[in-house]
Amino acid sequence: MTNLVEVNNLKAWIGEQQILKGISLSVQHNDVLAIIGPSGCGKSTFIRCLNRLHEEIIGARVEGEVKILNENIYGSTVDPVRVRRQIGMVFQKPNPFPSLSIYDNVAIGLKLAGIRRKSALDEVVERSLKQAALWDEVKDKLRMPGTSLSGGQQQRLCIARALAVNPPILLMDEPTSALDPISKAKIETLLQDLKRYVTIIMVTHNMQQASRVSSKTAFFLLGELIEFGPTEQIFTQPKAKLTEDYITGRFG
Amino acid sequence: MKSLSSALSFNDYRRKLINYMMIGLIVLGAFVALAPLFSIFYYVIERGYHNLSWTFFTSLPAPIGESGGGMGNALLGSLKIIGMATLLGVPWGIATGVYLSEYSYGKSSKTLRFVIDLLMGVPSIVIGIFIFTVVVRPMGGFSAYAGAVALAIIMCPIIARSTEEMLKTVPIHYREAGLALGIQRWKVILFILVRGKWGAIMTGVVLGVARISGETAPLLFTSLNNQYWSGSLKDPTSSLPVQIYTYSISPYEEWQMQAWTGALVLIIFVFLINLVIRSFFSNMRDSRD
Ligand SMILES: Nc1ncnc2c1ncn2[C@@H]1O[C@H](COP(=O)(O)OP(=O)(O)O)[C@@H](O)[C@H]1O
Ligand SMILES: [Mg+2]
């Protein structure tokens with residue numbers, strides 16, 4: 001089976017501070033990878049390296065290799081814009097674009113890529129909102145501002161926005177940590193559907209969430225990958241003592 | 001219990017009293033601040049409205065000794081000069097603001113920001129002299145063009161700084177969300193950030209236009225004045241502030257009264273710009289977060 005994402009010895013810096021100290025792992029089609037670890041250990045930085053967003057921080061630097069479908073995205077001729085089109089991203093805080101309607105929030109990626117045909121855009125908007133389990137709630141108010149929705153709905157709108165360009169990979173950085181328990185549960189249910197057609201790499205603070213939705217788990221500590229393997233094994237028979245301590249809540 | 005409750009009600013009483021006193025002070029403060037403004041309005045309206053008539057807007061200044069006449073040419077000239085200055089200054093100012101907020105880091109941005117603050121503080125007469133040297137002299141005469149360039153230079157830093165401030169209020173994760181969608185950086189800035197703050201940016205533009213509408217000194221050095229309907233933008237061109245200035249320092253009472261009417265028209269003009277641009281852009285949704 002070929003790897004969808006293959007990370008080899010990835011190192012990342014911001015200024016003088018080294019944040020990732022040589023991470024290697026791989027992800028296959030239809031995996032759900034959960035990344036766990038205490039705050040500040042580099043989880044966000046890691047997923048931001050996968051769509052070349054890390055380099056947008058002033059003073060940031062990356063070394064190593066990230067292969068997506070066998071192409072190194074850090075190759076010298078690779079355009080980050082093209083890389084990002086293949087990878088959706090959902091952030092911790094729901095952030096629909098405030099000036100845009102629900103419809104435009106979903107369509108903006110395509111519109112700005114030059115797609116104008118209304119029927120095509122309509123189709124994508126409907127498909128993405130359905131995938132994000134939001135269609136029924138918003139289909140009668142697509143012209144309302146995206147920010148008029150509730151927090152949980154806004155986050156699903158952001159998921160729809162990311163899915164609109166049909167990316168094979170979806171990155172999520174603690175997508176439910178800013179939400180109430182009901183919205184959180186809705187998004188977790190949604191993830192079960194999404195993983196059928198998109199490979200998900202998700203940072204989470206929540207052990208139950210990791211064990212419920214992921215197929216693989218990576219445990220980070222101080223910029224290093226301590227343990228990586230099938231979720232079931234990590235949660236029932238961790239190889240490293242540190243992993244066991246973290247999962248059982250003895251620190252972090 | 002009794003003494004406690006009576007002590008409490010005494011405290012209540014005192015607190016309310018202080019509250020009313022403070023509100024009174026605030027209202028008084030607002031009144032003191034607004035009083036000069038309203039007295040200016042009153043003064044200008046009282047003296048200016050006599051000559052306010054249709055002919056004031058449509059006819060040329062009357063020769064000395066004759067009554068009547070108007071400032072039609074000055075009004076038209078002001079519109080030309082301000083219009084050109086706006087066409088030049090607004091894109092330039094917004095572009096500078098975008099650069100300051102989105103593209104410049106560290107030392108270069110500090111320097112640029114310092115230069116812009118400096119430019120904002122430069123007396124407008126100095127900008128007039130500067131344009132006189134670099135535009136009027138080489139072009140061989142005063143012109144509407146030269147006036148517009150001078151006003152655009154005055155306008156640019158105002159718009160640049162307000163644009164910068166507005167963009168800085170947009171949290172970084174909106175930029176990242178745009179980039180993560182595979183949208184080019186300039187498109188994220190233009191179609192998501194600037195568009196999201198368009199109403200607020202336009203408020204800065206209104207301030208800039210209002211500011212240049214009353215500028216007199218730089219126009220004395222650049223577009224000068226003219227008693228006729230000047231046809232070409234390459235000719236000396238009359239403008240409302242310069243005409244007001246010329247008339248108000250003249251010894252003739254008719255002219256002085258005309259100057260008051262000109263001042264009234266100028267105030268109304270600035271007021272209208274505010275109203276039109278604001279109402280035009282206030283129905284656009286602005287990002288609040
Ligand atoms: N924009 C930034 N500028 C400077 N340091 C940063 C920035 N973002 C993250 N860091 C640093 O990088 C380290 C890892 O952060 P992060 O990847 O966000 O961790 P996590 O997501 O696991 O909490 C932290 O020490 C943090 O202080
Ligand atoms: Mg994080």
# chains A, B, ... in the order shown; residues from 1 in each chain; ligands from 1
$ residues_near_ligand --ligand "ligand 2" --cutoff "7 Å" --atoms "only C-alpha atoms and all ligand atoms" --output "ChimeraX atom specification"
/A:39-40,43-44,173
$ write_last_selection --atoms "C-alpha atoms" --output "short mmCIF file (atom, residue, chain, number, x, y, z; two decimals), in the first residue's frame"
data_model
loop_
_atom_site.label_atom_id
_atom_site.label_comp_id
_atom_site.auth_asym_id
_atom_site.auth_seq_id
_atom_site.Cartn_x
_atom_site.Cartn_y
_atom_site.Cartn_z
CA SER A 39 0.61 22.03 24.94
CA GLY A 40 3.60 23.53 23.21
CA LYS A 43 1.56 19.46 17.31
CA SER A 44 0.25 22.54 15.52
CA ASP A 173 -6.04 21.56 14.67
#
$ interface_residues --of "chain B" --to "chain A" --cutoff "12 Å" --atoms "only C-alpha atoms" --output "count of residues only"
42
$ closest_residue --among "A:Thr204, A:Gln192, A:Ser215, A:Thr243" --to "ligand 1" --atoms "only C-alpha atoms and all ligand atoms"
A:Thr204
$ residues_near_ligand --ligand "ligand 1" --cutoff "9 Å" --atoms "only C-alpha atoms and all ligand atoms" --output "PyMOL selection string"
chain A and resi 13-15+17-20+35-48+54+57-60+173-174+203+220-223
$ residues_around --residues "range 70-73 of chain B" --least-positions-apart "4" --cutoff "12 Å" --atoms "only C-alpha atoms" --output "VMD selection string"
chain B and resid 51 to 63 66 77 to 80 225 to 231 236 to 244 246 to 247 254 to 255 257 to 263 265 to 266
$ select_by_dssp --residues "range 16-231 of chain A" --states "helix (DSSP H, G or I)" --output "PyMOL selection string"
chain A and resi 43-50+54-56+80-85+102-112+118-131+135-138+146-148+151-163+181-194+207-213+231
$ select_by_dssp --residues "range 14-236 of chain A" --states "strand (DSSP E or B)" --output "ChimeraX atom specification"
/A:14,17-28,32-36,60-68,71-72,87-90,101,145,169-173,199-203,216-221,224-230
$ residues_around --residues "Ile247 in chain A" --least-positions-apart "6" --cutoff "9 Å" --atoms "only C-alpha atoms" --output "PyMOL selection string"
chain A and resi 207+234-235
$ write_last_selection --atoms "N, CA, C and O atoms" --output "compact mmCIF listing (two decimals), in the first residue's frame"
# COMPACT_ATOMS: atom_id res chain seq x y z
N MET A 207 -8.29 12.77 24.92
CA MET A 207 -7.92 11.36 24.74
C MET A 207 -9.08 10.53 24.22
O MET A 207 -8.92 9.68 23.35
N ILE A 234 -1.67 1.92 20.88
CA ILE A 234 -1.16 3.03 21.69
C ILE A 234 -1.97 3.16 22.99
O ILE A 234 -1.42 3.42 24.05
N PHE A 235 -3.28 2.97 22.88
CA PHE A 235 -4.10 3.18 24.07
C PHE A 235 -4.16 1.96 24.99
O PHE A 235 -4.47 2.08 26.16
$ residues_around --residues "Thr86 in chain B" --least-positions-apart "6" --cutoff "12 Å" --atoms "only C-alpha atoms" --output "PyMOL selection string"
chain B and resi 78-80+92-94+147-156+159+202+205-213
$ closest_residue --among "B:Ala95, B:Val90, B:Ser223, B:Pro157" --to "Met120 in chain B" --atoms "only C-alpha atoms"
B:Pro157
$ decode --residues "range 134-168 of chain B" --atoms "N, CA, C and O atoms" --output "CSV table (one decimal), in the first residue's frame"
chain,number,residue,atom,x,y,z
B,134,VAL,N,9.0,70.9,-8.0
B,134,VAL,CA,9.2,69.7,-8.9
B,134,VAL,C,8.1,69.5,-9.9
B,134,VAL,O,8.3,68.7,-10.9
B,135,VAL,N,7.0,70.2,-9.8
B,135,VAL,CA,5.9,70.1,-10.9
B,135,VAL,C,5.6,71.4,-11.6
B,135,VAL,O,5.7,71.5,-12.8
B,136,VAL,N,5.3,72.4,-10.8
B,136,VAL,CA,4.9,73.7,-11.4
B,136,VAL,C,6.0,74.3,-12.3
B,136,VAL,O,5.8,74.6,-13.5
B,137,ARG,N,7.2,74.4,-11.8
B,137,ARG,CA,8.4,75.0,-12.5
B,137,ARG,C,8.6,74.2,-13.8
B,137,ARG,O,8.6,74.8,-14.9
B,138,PRO,N,8.9,72.9,-13.7
B,138,PRO,CA,9.2,72.1,-14.9
B,138,PRO,C,8.0,72.2,-15.9
B,138,PRO,O,8.3,72.2,-17.1
B,139,MET,N,6.8,72.2,-15.5
B,139,MET,CA,5.6,72.2,-16.4
B,139,MET,C,5.4,73.6,-17.0
B,139,MET,O,4.6,73.8,-17.9
B,140,GLY,N,6.1,74.6,-16.4
B,140,GLY,CA,6.0,75.9,-16.9
B,140,GLY,C,4.8,76.7,-16.5
B,140,GLY,O,4.4,77.7,-17.1
B,141,GLY,N,4.1,76.3,-15.4
B,141,GLY,CA,3.0,77.1,-14.9
B,141,GLY,C,2.2,76.4,-13.9
B,141,GLY,O,2.2,75.2,-13.7
B,142,PHE,N,1.3,77.2,-13.3
B,142,PHE,CA,0.4,76.6,-12.3
B,142,PHE,C,-0.7,75.8,-13.0
B,142,PHE,O,-1.1,76.1,-14.2
B,143,SER,N,-1.1,74.7,-12.4
B,143,SER,CA,-2.1,73.9,-13.1
B,143,SER,C,-3.0,73.1,-12.1
B,143,SER,O,-2.6,72.9,-10.9
B,144,ALA,N,-4.1,72.6,-12.5
B,144,ALA,CA,-4.9,71.8,-11.7
B,144,ALA,C,-4.2,70.5,-11.4
B,144,ALA,O,-4.3,70.0,-10.3
B,145,TYR,N,-3.4,70.0,-12.3
B,145,TYR,CA,-2.6,68.8,-12.1
B,145,TYR,C,-1.8,68.9,-10.9
B,145,TYR,O,-1.7,68.1,-10.0
B,146,ALA,N,-1.0,70.0,-10.8
B,146,ALA,CA,-0.1,70.3,-9.7
B,146,ALA,C,-0.8,70.3,-8.4
B,146,ALA,O,-0.4,69.7,-7.4
B,147,GLY,N,-2.0,71.0,-8.4
B,147,GLY,CA,-2.8,71.1,-7.2
B,147,GLY,C,-3.2,69.7,-6.7
B,147,GLY,O,-3.1,69.3,-5.5
B,148,ALA,N,-3.6,68.9,-7.7
B,148,ALA,CA,-4.1,67.5,-7.4
B,148,ALA,C,-2.9,66.7,-6.8
B,148,ALA,O,-3.1,65.9,-5.8
B,149,VAL,N,-1.7,66.8,-7.3
B,149,VAL,CA,-0.6,66.0,-6.8
B,149,VAL,C,-0.3,66.4,-5.4
B,149,VAL,O,-0.1,65.6,-4.5
B,150,ALA,N,-0.3,67.8,-5.1
B,150,ALA,CA,0.0,68.3,-3.8
B,150,ALA,C,-1.1,67.7,-2.8
B,150,ALA,O,-0.7,67.2,-1.7
B,151,LEU,N,-2.3,67.7,-3.2
B,151,LEU,CA,-3.4,67.3,-2.3
B,151,LEU,C,-3.3,65.7,-2.1
B,151,LEU,O,-3.5,65.2,-1.0
B,152,ALA,N,-2.9,65.0,-3.2
B,152,ALA,CA,-2.8,63.6,-3.0
B,152,ALA,C,-1.7,63.2,-2.0
B,152,ALA,O,-1.8,62.3,-1.3
B,153,ILE,N,-0.6,64.0,-2.0
B,153,ILE,CA,0.5,63.7,-1.1
B,153,ILE,C,0.0,64.0,0.4
B,153,ILE,O,0.4,63.3,1.3
B,154,ILE,N,-0.8,65.0,0.5
B,154,ILE,CA,-1.4,65.2,1.9
B,154,ILE,C,-2.3,64.1,2.3
B,154,ILE,O,-2.3,63.7,3.5
B,155,MET,N,-3.0,63.6,1.3
B,155,MET,CA,-4.1,62.6,1.6
B,155,MET,C,-3.5,61.2,1.9
B,155,MET,O,-4.0,60.4,2.7
B,156,CYS,N,-2.4,60.8,1.1
B,156,CYS,CA,-1.9,59.5,1.2
B,156,CYS,C,-1.6,59.0,2.6
B,156,CYS,O,-2.0,57.9,2.9
B,157,PRO,N,-0.8,59.7,3.4
B,157,PRO,CA,-0.5,59.1,4.7
B,157,PRO,C,-1.7,58.9,5.6
B,157,PRO,O,-1.7,58.0,6.4
B,158,ILE,N,-2.7,59.8,5.5
B,158,ILE,CA,-3.9,59.7,6.3
B,158,ILE,C,-4.5,58.3,6.0
B,158,ILE,O,-4.9,57.5,6.9
B,159,ILE,N,-4.7,58.1,4.7
B,159,ILE,CA,-5.4,56.9,4.3
B,159,ILE,C,-4.5,55.6,4.6
B,159,ILE,O,-5.0,54.6,5.0
B,160,ALA,N,-3.2,55.8,4.4
B,160,ALA,CA,-2.3,54.7,4.6
B,160,ALA,C,-2.4,54.2,6.1
B,160,ALA,O,-2.5,53.0,6.4
B,161,ARG,N,-2.3,55.2,7.0
B,161,ARG,CA,-2.3,54.8,8.4
B,161,ARG,C,-3.6,54.2,8.8
B,161,ARG,O,-3.7,53.2,9.6
B,162,SER,N,-4.7,54.8,8.3
B,162,SER,CA,-6.0,54.2,8.8
B,162,SER,C,-6.2,52.8,8.2
B,162,SER,O,-6.7,51.9,8.8
B,163,THR,N,-5.8,52.7,6.9
B,163,THR,CA,-5.9,51.3,6.3
B,163,THR,C,-5.0,50.3,7.1
B,163,THR,O,-5.5,49.2,7.4
B,164,GLU,N,-3.8,50.7,7.4
B,164,GLU,CA,-3.0,49.8,8.2
B,164,GLU,C,-3.6,49.4,9.5
B,164,GLU,O,-3.7,48.3,9.9
B,165,GLU,N,-4.1,50.4,10.2
B,165,GLU,CA,-4.7,50.2,11.5
B,165,GLU,C,-5.9,49.2,11.4
B,165,GLU,O,-6.1,48.3,12.2
B,166,MET,N,-6.7,49.4,10.4
B,166,MET,CA,-7.9,48.5,10.2
B,166,MET,C,-7.4,47.1,9.9
B,166,MET,O,-8.0,46.2,10.4
B,167,LEU,N,-6.4,46.9,9.0
B,167,LEU,CA,-6.0,45.6,8.7
B,167,LEU,C,-5.4,44.9,9.9
B,167,LEU,O,-5.5,43.7,10.0
B,168,LYS,N,-4.7,45.7,10.7
B,168,LYS,CA,-4.1,45.1,11.9
B,168,LYS,C,-5.1,44.5,12.9
B,168,LYS,O,-4.7,43.7,13.7
